[in-house]
Amino acid sequence: MELNIYNKEGQLKATVSPADSSTLAEGLMADYILSLSFVLFDRVQLDVNDYVDFLGKRYRMLEPYIPNQKSTIEWSYNTKFYGIESVIRRALCLKTVDNELNPVFSLTAPAIEQVRLVVENINRVMGTTDWKVGEVIATDNLTIDYNGTYCNDALASIATAAETEWWIDGLTVNLCRCEYGELIELGYGSGLKEITLDTNENAKFFTRLFPMGSNRNIDPKKYGSSRLHLPGGVKYLEQNTHYGIIEHYEEAAFTAIYPRRVGKVGVVRKETKTGENKKPFDIYYFTDPELNFNPNEYVIAGLIKQIVFETGDLAGRDFEVNYHADKKEFEIITQWPYDNEMQLPGALVMKPGDDYILYNITMPTEYYALAETEFETAVAEYMNKNKLDKSVYKAPTDYIDLSKRNVSLSVGQRIHLVSDKYFPSIGYRDSRITKITRKVNEPLSADIEISDLANPGGKAVMEQGVKDAKHYAQAALSGLPDMIKSWENTPESDSNLYTAKKSVRSFVSRLLNDVVAGLITFLKGIKIGHFVSGSVGGTGAYINERGYAEMQGLRLNEFLEVPELRFNRIDVVSGELWNAIAFGIIESVNTLDQIATLKLESGELRSVRLNDFARGLFHNLVGNATISETDGCGFLTIPGFSTAYFSPTKLLADGKSFQYELKPGTKVHPCKAMKFAVYGNATDKSRQASAYATRTYQRYLVGVNTWEIDPNRNISAQYGDVEGLTINGYTMHGTGSYQSNGYFAGYIQFTPEQKDELKGENGKDGY
């Protein structure tokens, strides 16, 4: 295999032959790394943004590379090119604040808006608009801190907060489970050489869960417990206990569930005051018109009243508050979260209609029961989520089997993993590929990992803690994917859309004249015009899925090359033209069982019979005659063609096939598209006569009951070239005629200068 290395302007720098040790490593939420080892006889400097195209993707150099000198003429390279998943880490996530791009900010928004921000920054750095947002799961507002965060780390943070995965398809960024395609069946001996079992080191595995409820708004004296518990006081839940008791304690996933009232922000105002540092700052206040009690009367001893915003710019953020009963408004205690002059509220402010929850206060009894039910639902969802198989199935592939099946593998491809050893109950598990390390010189030869859960490393490791158990139920898509415009080159995927103009440019029109630049395959055929079959009254044209065509006319300006021609007015042959009692065209041959199948038209009957002597000619790839000479049966060989002699031994019930045997001493079998004629029969006298014409003579045969033609008893007449024809000891020369008997109703006349000798019955001269 050879790969081309180009510079960033697309100019060829080197063509290399990778060593067998060269690999491509692909992983879910991980770098795609093309590791190439090769030798060049000239020193070629590899620079940042030099690239290689491999398996439909582009891999770039991210830093300069200097080769090692092996000798005076050899330079050794062991370098790495990186996929787009790594290239985007060169782009910071910036946001426009006060008309300036700011690398330090926080964004509270649903996941799709967070991903849009990342995509905008990728396009900014790449100098394009081709990058698009693809499939993104729906979420509530997520709060992500972008403090000098690169785009790849930003995607990892968003995926962690949304409890899902991020992946790139071409130039489309997706935030959802990476799983696609039709199921491909793999198993030991079926695409895989072996299967070994490992465990996802980042995944939880338990059979007994101790869920810990929140202590917010819980009055122990009133509730009888310092924390929210499950209905009925259930302490733990179990699943898959056939693995034994494996315990797990979980608190973080349920912290947002507690007895609470969701209030709405009313009037918002602010006052500017001077701080201890003599600098001005703002204090924000808001009212809640529907609040019908004084929160100061419901405090829990030792706790400070706090609120958390559920919607709006401050969604997900907690603040200490004071309640001024005389004005019926909350005062928010100002925060400076970024060690600078940016204050909250301030940079972000609540607005009328935003939802908030007040906590660290006691609640009416009915709120406890509602919280317990919500807690129970969230725990059930958490248990169900963690039923995913934590196993990682590792296997080297059998590239020969995959190649025969035309199977290609990629990260996220759905797999039907067959094994009665690992899955004794049902014999298989449906999952997906999460990692591939393939050989560059044989891409189907790879080590793959199949797992329900991602197992990335480094910054991309999925955190197991979650902020809100409600996220487990989020599965719907949020908003439409990005649109690919007519001038853009974003590759199509399952997660983006075309604009109308892009569709016109990309798809064949059903209404207007159009031009197709690429190859189009019609799997079920083509009809042209108003097709009507038939030689009389037929219209249009039709080509079926097997390549058979019917049309009204055909004009060829170059040439026509076919194994068989049929004409209504004239028959053109090169070789021999036969008139025989039986003939045929071979449709297919099983040479192992020596069964031939005839090509017959509808209603046509098989004409061969048992013990027939058949002879066929065809241009084979090997074994063709090189000169014209008389063979052992008395026929001339034709240069460029092989001759098959065979005889039916059994006529099969399908009406078109027969078993055959070859003439003793011959090896050429009948073959597909071969024409043959029957020139005799071993037992049936009615099938022992035939006639054939070559380019130089016509010959009539009678009484043929053996493979070999005996001129003395089988040739009844021959006209044209009779050179070398010997009958009853007399050898003929030149052109003329031979026949068994001659009858004349008129007279015989010799032309001038012609020999006038005529042999009579007794061999005497005379007329």
# chains A, B, ... in the order shown; residues from 1 in each chain; ligands from 1
>>> select_by_dssp(residues="segment 464-631 of chain A", states="strand (DSSP E or B)", output="ChimeraX atom specification")
/A:477,483-484,497-498,526-532,539-543,549-550,577-579,583-590,595-598,612-618,630
>>> residues_around(residues="Glu26 of chain A", least_positions_apart="3", cutoff="9 Å", atoms="only C-alpha atoms", output="list in words")
Ala30, Asp31, Tyr32, Ile33, Leu34, Gly83, Ser410, Val411, Thr434, Lys435, Ile436, Thr437 and Arg438 of chain A
>>> write_last_selection(atoms="all heavy atoms", output="short mmCIF file (atom, residue, chain, number, x, y, z; two decimals), in the first residue's frame")
data_model
loop_
_atom_site.label_atom_id
_atom_site.label_comp_id
_atom_site.auth_asym_id
_atom_site.auth_seq_id
_atom_site.Cartn_x
_atom_site.Cartn_y
_atom_site.Cartn_z
N ALA A 30 -12.40 9.68 21.91
CA ALA A 30 -10.95 9.59 22.05
C ALA A 30 -10.30 10.04 20.75
O ALA A 30 -10.97 10.25 19.73
CB ALA A 30 -10.53 8.16 22.40
N ASP A 31 -8.97 10.18 20.79
CA ASP A 31 -8.24 10.59 19.60
C ASP A 31 -8.25 9.48 18.55
O ASP A 31 -8.23 8.29 18.87
CB ASP A 31 -6.78 10.90 19.96
CG ASP A 31 -6.66 12.18 20.78
OD1 ASP A 31 -7.54 13.05 20.63
OD2 ASP A 31 -5.70 12.30 21.55
N TYR A 32 -8.29 9.90 17.27
CA TYR A 32 -8.05 9.00 16.15
C TYR A 32 -6.60 9.25 15.71
O TYR A 32 -6.27 10.35 15.27
CB TYR A 32 -9.00 9.30 14.99
CG TYR A 32 -10.38 8.70 15.14
CD1 TYR A 32 -11.05 8.73 16.37
CD2 TYR A 32 -11.04 8.12 14.07
CE1 TYR A 32 -12.32 8.19 16.51
CE2 TYR A 32 -12.31 7.59 14.20
CZ TYR A 32 -12.94 7.63 15.42
OH TYR A 32 -14.19 7.09 15.55
N ILE A 33 -5.76 8.23 15.84
CA ILE A 33 -4.33 8.42 15.61
C ILE A 33 -3.85 7.45 14.54
O ILE A 33 -3.97 6.23 14.68
CB ILE A 33 -3.53 8.19 16.91
CG1 ILE A 33 -4.03 9.13 18.01
CG2 ILE A 33 -2.04 8.42 16.65
CD1 ILE A 33 -3.37 8.91 19.34
N LEU A 34 -3.33 8.01 13.45
CA LEU A 34 -2.74 7.23 12.37
C LEU A 34 -1.22 7.21 12.59
O LEU A 34 -0.54 8.20 12.38
CB LEU A 34 -3.08 7.86 11.02
CG LEU A 34 -2.53 7.17 9.77
CD1 LEU A 34 -3.11 5.77 9.62
CD2 LEU A 34 -2.83 8.00 8.53
N GLY A 83 -6.68 12.58 13.72
CA GLY A 83 -7.98 12.84 13.15
C GLY A 83 -8.57 14.14 13.66
O GLY A 83 -8.03 14.80 14.54
N SER A 410 -16.52 0.32 11.88
CA SER A 410 -16.21 1.67 12.35
C SER A 410 -16.74 1.83 13.77
O SER A 410 -17.61 1.06 14.21
CB SER A 410 -16.84 2.72 11.43
OG SER A 410 -18.24 2.53 11.34
N VAL A 411 -16.21 2.81 14.48
CA VAL A 411 -16.63 3.07 15.84
C VAL A 411 -18.10 3.48 15.84
O VAL A 411 -18.52 4.35 15.08
CB VAL A 411 -15.77 4.17 16.48
CG1 VAL A 411 -16.34 4.57 17.84
CG2 VAL A 411 -14.34 3.69 16.64
N THR A 434 -16.72 0.20 20.22
CA THR A 434 -16.27 1.42 20.88
C THR A 434 -14.79 1.71 20.63
O THR A 434 -14.33 2.81 20.93
CB THR A 434 -16.50 1.31 22.40
OG1 THR A 434 -15.84 0.13 22.90
CG2 THR A 434 -17.98 1.24 22.72
N LYS A 435 -14.06 0.76 20.07
CA LYS A 435 -12.64 1.01 19.81
C LYS A 435 -12.16 0.07 18.71
O LYS A 435 -12.55 -1.09 18.65
CB LYS A 435 -11.81 0.80 21.08
CG LYS A 435 -10.34 1.17 20.94
CD LYS A 435 -9.60 1.03 22.26
CE LYS A 435 -8.14 1.44 22.13
NZ LYS A 435 -7.41 1.28 23.41
N ILE A 436 -11.30 0.61 17.82
CA ILE A 436 -10.69 -0.19 16.75
C ILE A 436 -9.22 0.20 16.63
O ILE A 436 -8.90 1.39 16.57
CB ILE A 436 -11.37 0.05 15.39
CG1 ILE A 436 -12.88 -0.22 15.46
CG2 ILE A 436 -10.74 -0.83 14.31
CD1 ILE A 436 -13.60 0.11 14.17
N THR A 437 -8.35 -0.79 16.60
CA THR A 437 -6.95 -0.56 16.25
C THR A 437 -6.65 -1.45 15.06
O THR A 437 -6.56 -2.66 15.19
CB THR A 437 -6.02 -0.89 17.43
OG1 THR A 437 -6.38 -0.10 18.56
CG2 THR A 437 -4.57 -0.59 17.06
N ARG A 438 -6.54 -0.83 13.89
CA ARG A 438 -6.43 -1.60 12.66
C ARG A 438 -5.06 -1.43 12.02
O ARG A 438 -4.38 -0.42 12.23
CB ARG A 438 -7.54 -1.21 11.67
CG ARG A 438 -7.49 0.20 11.17
CD ARG A 438 -8.59 0.42 10.13
NE ARG A 438 -9.82 0.93 10.70
CZ ARG A 438 -11.01 0.40 10.48
NH1 ARG A 438 -11.12 -0.67 9.73
NH2 ARG A 438 -12.09 0.92 11.01
#
>>> atom_distance(atom1="atom CA of Asp354 of chain A", atom2="atom CA of Val321 of chain A")
16.2 Å
>>> closest_residue(among="A:Gly616, A:Gly742, A:Gly263, A:Gly525", to="Phe330 of chain A", atoms="only C-alpha atoms")
A:Gly263
>>> residues_around(residues="Gly547 of chain A", least_positions_apart="2", cutoff="12 Å", atoms="only C-alpha atoms", output="ChimeraX atom specification")
/A:521-526,542-545,549-550
>>> write_last_selection(atoms="N, CA and C atoms", output="PDB file, in the first residue's frame")
ATOM      1  N   THR A 521     -26.318   3.016  -9.751  1.00  0.00           N
ATOM      2  CA  THR A 521     -26.627   1.592  -9.864  1.00  0.00           C
ATOM      3  C   THR A 521     -28.127   1.389  -9.688  1.00  0.00           C
ATOM      4  N   PHE A 522     -28.765   0.743 -10.658  1.00  0.00           N
ATOM      5  CA  PHE A 522     -30.184   0.434 -10.588  1.00  0.00           C
ATOM      6  C   PHE A 522     -30.322  -1.055 -10.273  1.00  0.00           C
ATOM      7  N   LEU A 523     -30.668  -1.379  -9.051  1.00  0.00           N
ATOM      8  CA  LEU A 523     -30.669  -2.766  -8.604  1.00  0.00           C
ATOM      9  C   LEU A 523     -31.833  -3.572  -9.183  1.00  0.00           C
ATOM     10  N   LYS A 524     -32.924  -2.919  -9.562  1.00  0.00           N
ATOM     11  CA  LYS A 524     -34.084  -3.655 -10.039  1.00  0.00           C
ATOM     12  C   LYS A 524     -34.405  -3.369 -11.501  1.00  0.00           C
ATOM     13  N   GLY A 525     -33.491  -2.694 -12.217  1.00  0.00           N
ATOM     14  CA  GLY A 525     -33.693  -2.493 -13.638  1.00  0.00           C
ATOM     15  C   GLY A 525     -34.067  -1.061 -13.987  1.00  0.00           C
ATOM     16  N   ILE A 526     -34.269  -0.828 -15.302  1.00  0.00           N
ATOM     17  CA  ILE A 526     -34.608   0.499 -15.819  1.00  0.00           C
ATOM     18  C   ILE A 526     -35.704   0.348 -16.866  1.00  0.00           C
ATOM     19  N   TYR A 542     -36.511  -1.537 -21.862  1.00  0.00           N
ATOM     20  CA  TYR A 542     -36.479  -2.093 -20.508  1.00  0.00           C
ATOM     21  C   TYR A 542     -35.216  -2.928 -20.340  1.00  0.00           C
ATOM     22  N   ILE A 543     -34.499  -2.695 -19.248  1.00  0.00           N
ATOM     23  CA  ILE A 543     -33.357  -3.527 -18.855  1.00  0.00           C
ATOM     24  C   ILE A 543     -33.666  -4.055 -17.467  1.00  0.00           C
ATOM     25  N   ASN A 544     -33.689  -5.398 -17.306  1.00  0.00           N
ATOM     26  CA  ASN A 544     -34.042  -5.938 -15.991  1.00  0.00           C
ATOM     27  C   ASN A 544     -32.819  -6.071 -15.101  1.00  0.00           C
ATOM     28  N   GLU A 545     -33.032  -6.569 -13.866  1.00  0.00           N
ATOM     29  CA  GLU A 545     -31.947  -6.615 -12.881  1.00  0.00           C
ATOM     30  C   GLU A 545     -30.846  -7.595 -13.269  1.00  0.00           C
ATOM     31  N   ALA A 549     -32.068  -6.929 -21.875  1.00  0.00           N
ATOM     32  CA  ALA A 549     -32.664  -5.693 -22.369  1.00  0.00           C
ATOM     33  C   ALA A 549     -33.601  -5.974 -23.538  1.00  0.00           C
ATOM     34  N   GLU A 550     -34.643  -5.148 -23.643  1.00  0.00           N
ATOM     35  CA  GLU A 550     -35.531  -5.155 -24.799  1.00  0.00           C
ATOM     36  C   GLU A 550     -35.746  -3.702 -25.197  1.00  0.00           C
TER      37      GLU A 550
END
>>> atom_distance(atom1="atom CA of Ser226 of chain A", atom2="atom CA of Pro364 of chain A")
15.6 Å
>>> atom_distance(atom1="atom CA of Gly189 of chain A", atom2="atom CA of Ser391 of chain A")
20.9 Å
>>> residues_around(residues="Glu165 of chain A", least_positions_apart="5", cutoff="10 Å", atoms="only C-alpha atoms", output="list in words")
Leu28, Met29, Val136, Ile137, Leu155, Ala156, Ile158, Ala159, Thr160, Asn174, Leu175, Cys176, Arg177, Cys178, Leu453, Ala454, Ala460 and Met462 of chain A
>>> write_last_selection(atoms="N, CA, C and O atoms", output="PDB file, in the first residue's frame")
ATOM      1  N   LEU A  28     -14.139   5.778  20.781  1.00  0.00           N
ATOM      2  CA  LEU A  28     -15.258   6.644  21.109  1.00  0.00           C
ATOM      3  C   LEU A  28     -14.827   7.699  22.112  1.00  0.00           C
ATOM      4  O   LEU A  28     -14.272   7.376  23.163  1.00  0.00           O
ATOM      5  N   MET A  29     -15.056   8.973  21.782  1.00  0.00           N
ATOM      6  CA  MET A  29     -14.667  10.122  22.611  1.00  0.00           C
ATOM      7  C   MET A  29     -13.172  10.097  22.898  1.00  0.00           C
ATOM      8  O   MET A  29     -12.722  10.423  23.995  1.00  0.00           O
ATOM      9  N   VAL A 136     -28.567  15.881  18.905  1.00  0.00           N
ATOM     10  CA  VAL A 136     -28.288  16.276  20.285  1.00  0.00           C
ATOM     11  C   VAL A 136     -29.487  15.899  21.143  1.00  0.00           C
ATOM     12  O   VAL A 136     -30.632  16.244  20.804  1.00  0.00           O
ATOM     13  N   ILE A 137     -29.259  15.208  22.254  1.00  0.00           N
ATOM     14  CA  ILE A 137     -30.369  14.825  23.116  1.00  0.00           C
ATOM     15  C   ILE A 137     -30.936  16.057  23.807  1.00  0.00           C
ATOM     16  O   ILE A 137     -30.247  17.060  24.005  1.00  0.00           O
ATOM     17  N   LEU A 155     -16.673  19.644  24.711  1.00  0.00           N
ATOM     18  CA  LEU A 155     -17.612  18.573  24.350  1.00  0.00           C
ATOM     19  C   LEU A 155     -17.649  17.492  25.416  1.00  0.00           C
ATOM     20  O   LEU A 155     -18.711  16.952  25.731  1.00  0.00           O
ATOM     21  N   ALA A 156     -16.485  17.185  25.995  1.00  0.00           N
ATOM     22  CA  ALA A 156     -16.442  16.187  27.064  1.00  0.00           C
ATOM     23  C   ALA A 156     -17.232  16.670  28.276  1.00  0.00           C
ATOM     24  O   ALA A 156     -17.957  15.895  28.911  1.00  0.00           O
ATOM     25  N   ILE A 158     -19.747  18.852  28.294  1.00  0.00           N
ATOM     26  CA  ILE A 158     -21.177  18.846  27.967  1.00  0.00           C
ATOM     27  C   ILE A 158     -21.718  17.420  28.016  1.00  0.00           C
ATOM     28  O   ILE A 158     -22.804  17.163  28.549  1.00  0.00           O
ATOM     29  N   ALA A 159     -20.956  16.471  27.455  1.00  0.00           N
ATOM     30  CA  ALA A 159     -21.397  15.075  27.465  1.00  0.00           C
ATOM     31  C   ALA A 159     -21.528  14.547  28.890  1.00  0.00           C
ATOM     32  O   ALA A 159     -22.466  13.812  29.213  1.00  0.00           O
ATOM     33  N   THR A 160     -20.585  14.935  29.757  1.00  0.00           N
ATOM     34  CA  THR A 160     -20.657  14.504  31.155  1.00  0.00           C
ATOM     35  C   THR A 160     -21.905  15.070  31.814  1.00  0.00           C
ATOM     36  O   THR A 160     -22.633  14.349  32.511  1.00  0.00           O
ATOM     37  N   ASN A 174     -22.133  15.433  17.067  1.00  0.00           N
ATOM     38  CA  ASN A 174     -23.307  14.831  17.696  1.00  0.00           C
ATOM     39  C   ASN A 174     -23.094  14.705  19.197  1.00  0.00           C
ATOM     40  O   ASN A 174     -21.975  14.462  19.664  1.00  0.00           O
ATOM     41  N   LEU A 175     -24.177  14.844  19.942  1.00  0.00           N
ATOM     42  CA  LEU A 175     -24.151  14.637  21.393  1.00  0.00           C
ATOM     43  C   LEU A 175     -25.283  13.673  21.723  1.00  0.00           C
ATOM     44  O   LEU A 175     -26.406  14.077  22.015  1.00  0.00           O
ATOM     45  N   CYS A 176     -24.989  12.401  21.627  1.00  0.00           N
ATOM     46  CA  CYS A 176     -25.963  11.351  21.872  1.00  0.00           C
ATOM     47  C   CYS A 176     -25.192  10.032  21.885  1.00  0.00           C
ATOM     48  O   CYS A 176     -23.987  10.015  21.666  1.00  0.00           O
ATOM     49  N   ARG A 177     -25.868   8.952  22.141  1.00  0.00           N
ATOM     50  CA  ARG A 177     -25.217   7.650  22.125  1.00  0.00           C
ATOM     51  C   ARG A 177     -24.721   7.352  20.715  1.00  0.00           C
ATOM     52  O   ARG A 177     -25.453   7.480  19.734  1.00  0.00           O
ATOM     53  N   CYS A 178     -23.461   6.971  20.600  1.00  0.00           N
ATOM     54  CA  CYS A 178     -22.852   6.691  19.302  1.00  0.00           C
ATOM     55  C   CYS A 178     -23.151   5.238  18.925  1.00  0.00           C
ATOM     56  O   CYS A 178     -22.450   4.308  19.341  1.00  0.00           O
ATOM     57  N   LEU A 453     -21.001   0.471  27.057  1.00  0.00           N
ATOM     58  CA  LEU A 453     -20.579   1.744  27.626  1.00  0.00           C
ATOM     59  C   LEU A 453     -19.258   2.179  27.035  1.00  0.00           C
ATOM     60  O   LEU A 453     -18.418   1.364  26.695  1.00  0.00           O
ATOM     61  N   ALA A 454     -19.080   3.494  26.950  1.00  0.00           N
ATOM     62  CA  ALA A 454     -17.805   4.035  26.490  1.00  0.00           C
ATOM     63  C   ALA A 454     -16.772   3.878  27.585  1.00  0.00           C
ATOM     64  O   ALA A 454     -17.082   3.938  28.769  1.00  0.00           O
ATOM     65  N   ALA A 460     -11.478  12.655  28.820  1.00  0.00           N
ATOM     66  CA  ALA A 460     -12.765  12.248  28.268  1.00  0.00           C
ATOM     67  C   ALA A 460     -13.482  11.201  29.094  1.00  0.00           C
ATOM     68  O   ALA A 460     -14.553  10.749  28.723  1.00  0.00           O
ATOM     69  N   MET A 462     -15.950   9.446  31.350  1.00  0.00           N
ATOM     70  CA  MET A 462     -17.296   9.832  31.749  1.00  0.00           C
ATOM     71  C   MET A 462     -17.417   9.796  33.267  1.00  0.00           C
ATOM     72  O   MET A 462     -17.180   8.760  33.887  1.00  0.00           O
TER      73      MET A 462
END
>>> residues_around(residues="Pro443 of chain A", least_positions_apart="2", cutoff="10 Å", atoms="only C-alpha atoms", output="PyMOL selection string")
chain A and resi 23-24+54-55+399+408-409+437-441+445-446
>>> residues_around(residues="Cys633 of chain A", least_positions_apart="6", cutoff="7 Å", atoms="only C-alpha atoms", output="list in words")
Trp707, Glu708 and Ile709 of chain A
>>> residues_around(residues="Met126 of chain A", least_positions_apart="2", cutoff="12 Å", atoms="only C-alpha atoms", output="ChimeraX atom specification")
/A:49,84,87-92,119-124,128-131,171
>>> write_last_selection(atoms="N, CA and C atoms", output="CSV table (one decimal), in the first residue's frame")
chain,number,residue,atom,x,y,z
A,49,ASN,N,0.0,20.6,10.0
A,49,ASN,CA,-1.1,20.7,9.0
A,49,ASN,C,-0.7,19.9,7.8
A,84,ILE,N,-9.7,14.5,13.1
A,84,ILE,CA,-10.4,15.8,13.4
A,84,ILE,C,-10.7,15.9,14.9
A,87,VAL,N,-7.8,17.5,16.2
A,87,VAL,CA,-7.5,18.8,15.6
A,87,VAL,C,-8.3,19.9,16.3
A,88,ILE,N,-9.5,19.6,16.7
A,88,ILE,CA,-10.4,20.6,17.3
A,88,ILE,C,-9.9,21.1,18.7
A,89,ARG,N,-8.9,20.3,19.3
A,89,ARG,CA,-8.4,20.8,20.6
A,89,ARG,C,-7.5,22.0,20.4
A,90,ARG,N,-7.3,22.4,19.2
A,90,ARG,CA,-6.5,23.7,19.0
A,90,ARG,C,-7.4,24.9,19.1
A,91,ALA,N,-8.7,24.7,19.1
A,91,ALA,CA,-9.7,25.8,19.1
A,91,ALA,C,-10.2,26.0,20.5
A,92,LEU,N,-10.1,27.2,21.1
A,92,LEU,CA,-10.7,27.6,22.3
A,92,LEU,C,-12.2,27.9,22.2
A,119,VAL,N,-19.5,24.4,18.1
A,119,VAL,CA,-19.4,24.3,16.6
A,119,VAL,C,-19.1,25.7,16.0
A,120,GLU,N,-19.6,26.7,16.6
A,120,GLU,CA,-19.3,28.1,16.1
A,120,GLU,C,-17.8,28.4,16.3
A,121,ASN,N,-17.2,27.9,17.4
A,121,ASN,CA,-15.8,28.2,17.6
A,121,ASN,C,-14.9,27.3,16.7
A,122,ILE,N,-15.4,26.1,16.4
A,122,ILE,CA,-14.6,25.2,15.4
A,122,ILE,C,-14.6,25.9,14.1
A,123,ASN,N,-15.8,26.4,13.6
A,123,ASN,CA,-15.8,27.0,12.3
A,123,ASN,C,-15.0,28.3,12.3
A,124,ARG,N,-15.0,29.0,13.5
A,124,ARG,CA,-14.2,30.2,13.6
A,124,ARG,C,-12.7,30.0,13.3
A,128,THR,N,-14.3,28.4,8.2
A,128,THR,CA,-15.3,27.8,7.4
A,128,THR,C,-16.7,27.9,8.0
A,129,THR,N,-17.7,27.5,7.3
A,129,THR,CA,-19.1,27.3,7.9
A,129,THR,C,-19.5,25.9,7.7
A,130,ASP,N,-18.6,25.0,7.4
A,130,ASP,CA,-19.0,23.6,7.0
A,130,ASP,C,-19.4,22.8,8.2
A,131,TRP,N,-18.8,23.1,9.4
A,131,TRP,CA,-19.1,22.3,10.6
A,131,TRP,C,-20.6,22.6,11.1
A,171,LEU,N,-18.1,16.2,9.3
A,171,LEU,CA,-18.0,17.6,9.9
A,171,LEU,C,-19.2,17.9,10.8
>>> closest_residue(among="A:Ala614, A:Val392, A:Leu592, A:Met212", to="Val704 of chain A", atoms="only C-alpha atoms")
A:Ala614
>>> select_by_dssp(residues="segment 305-512 of chain A", states="helix (DSSP H, G or I)", output="ChimeraX atom specification")
/A:365-385,399-404,458-460,469-473,500-506
>>> closest_residue(among="A:Thr643, A:Asn78, A:Gln688, A:Thr196", to="Ser35 of chain A", atoms="only C-alpha atoms")
A:Asn78
>>> closest_residue(among="A:Tyr6, A:Phe38, A:Tyr700, A:Phe281", to="Asp20 of chain A", atoms="only C-alpha atoms")
A:Phe38
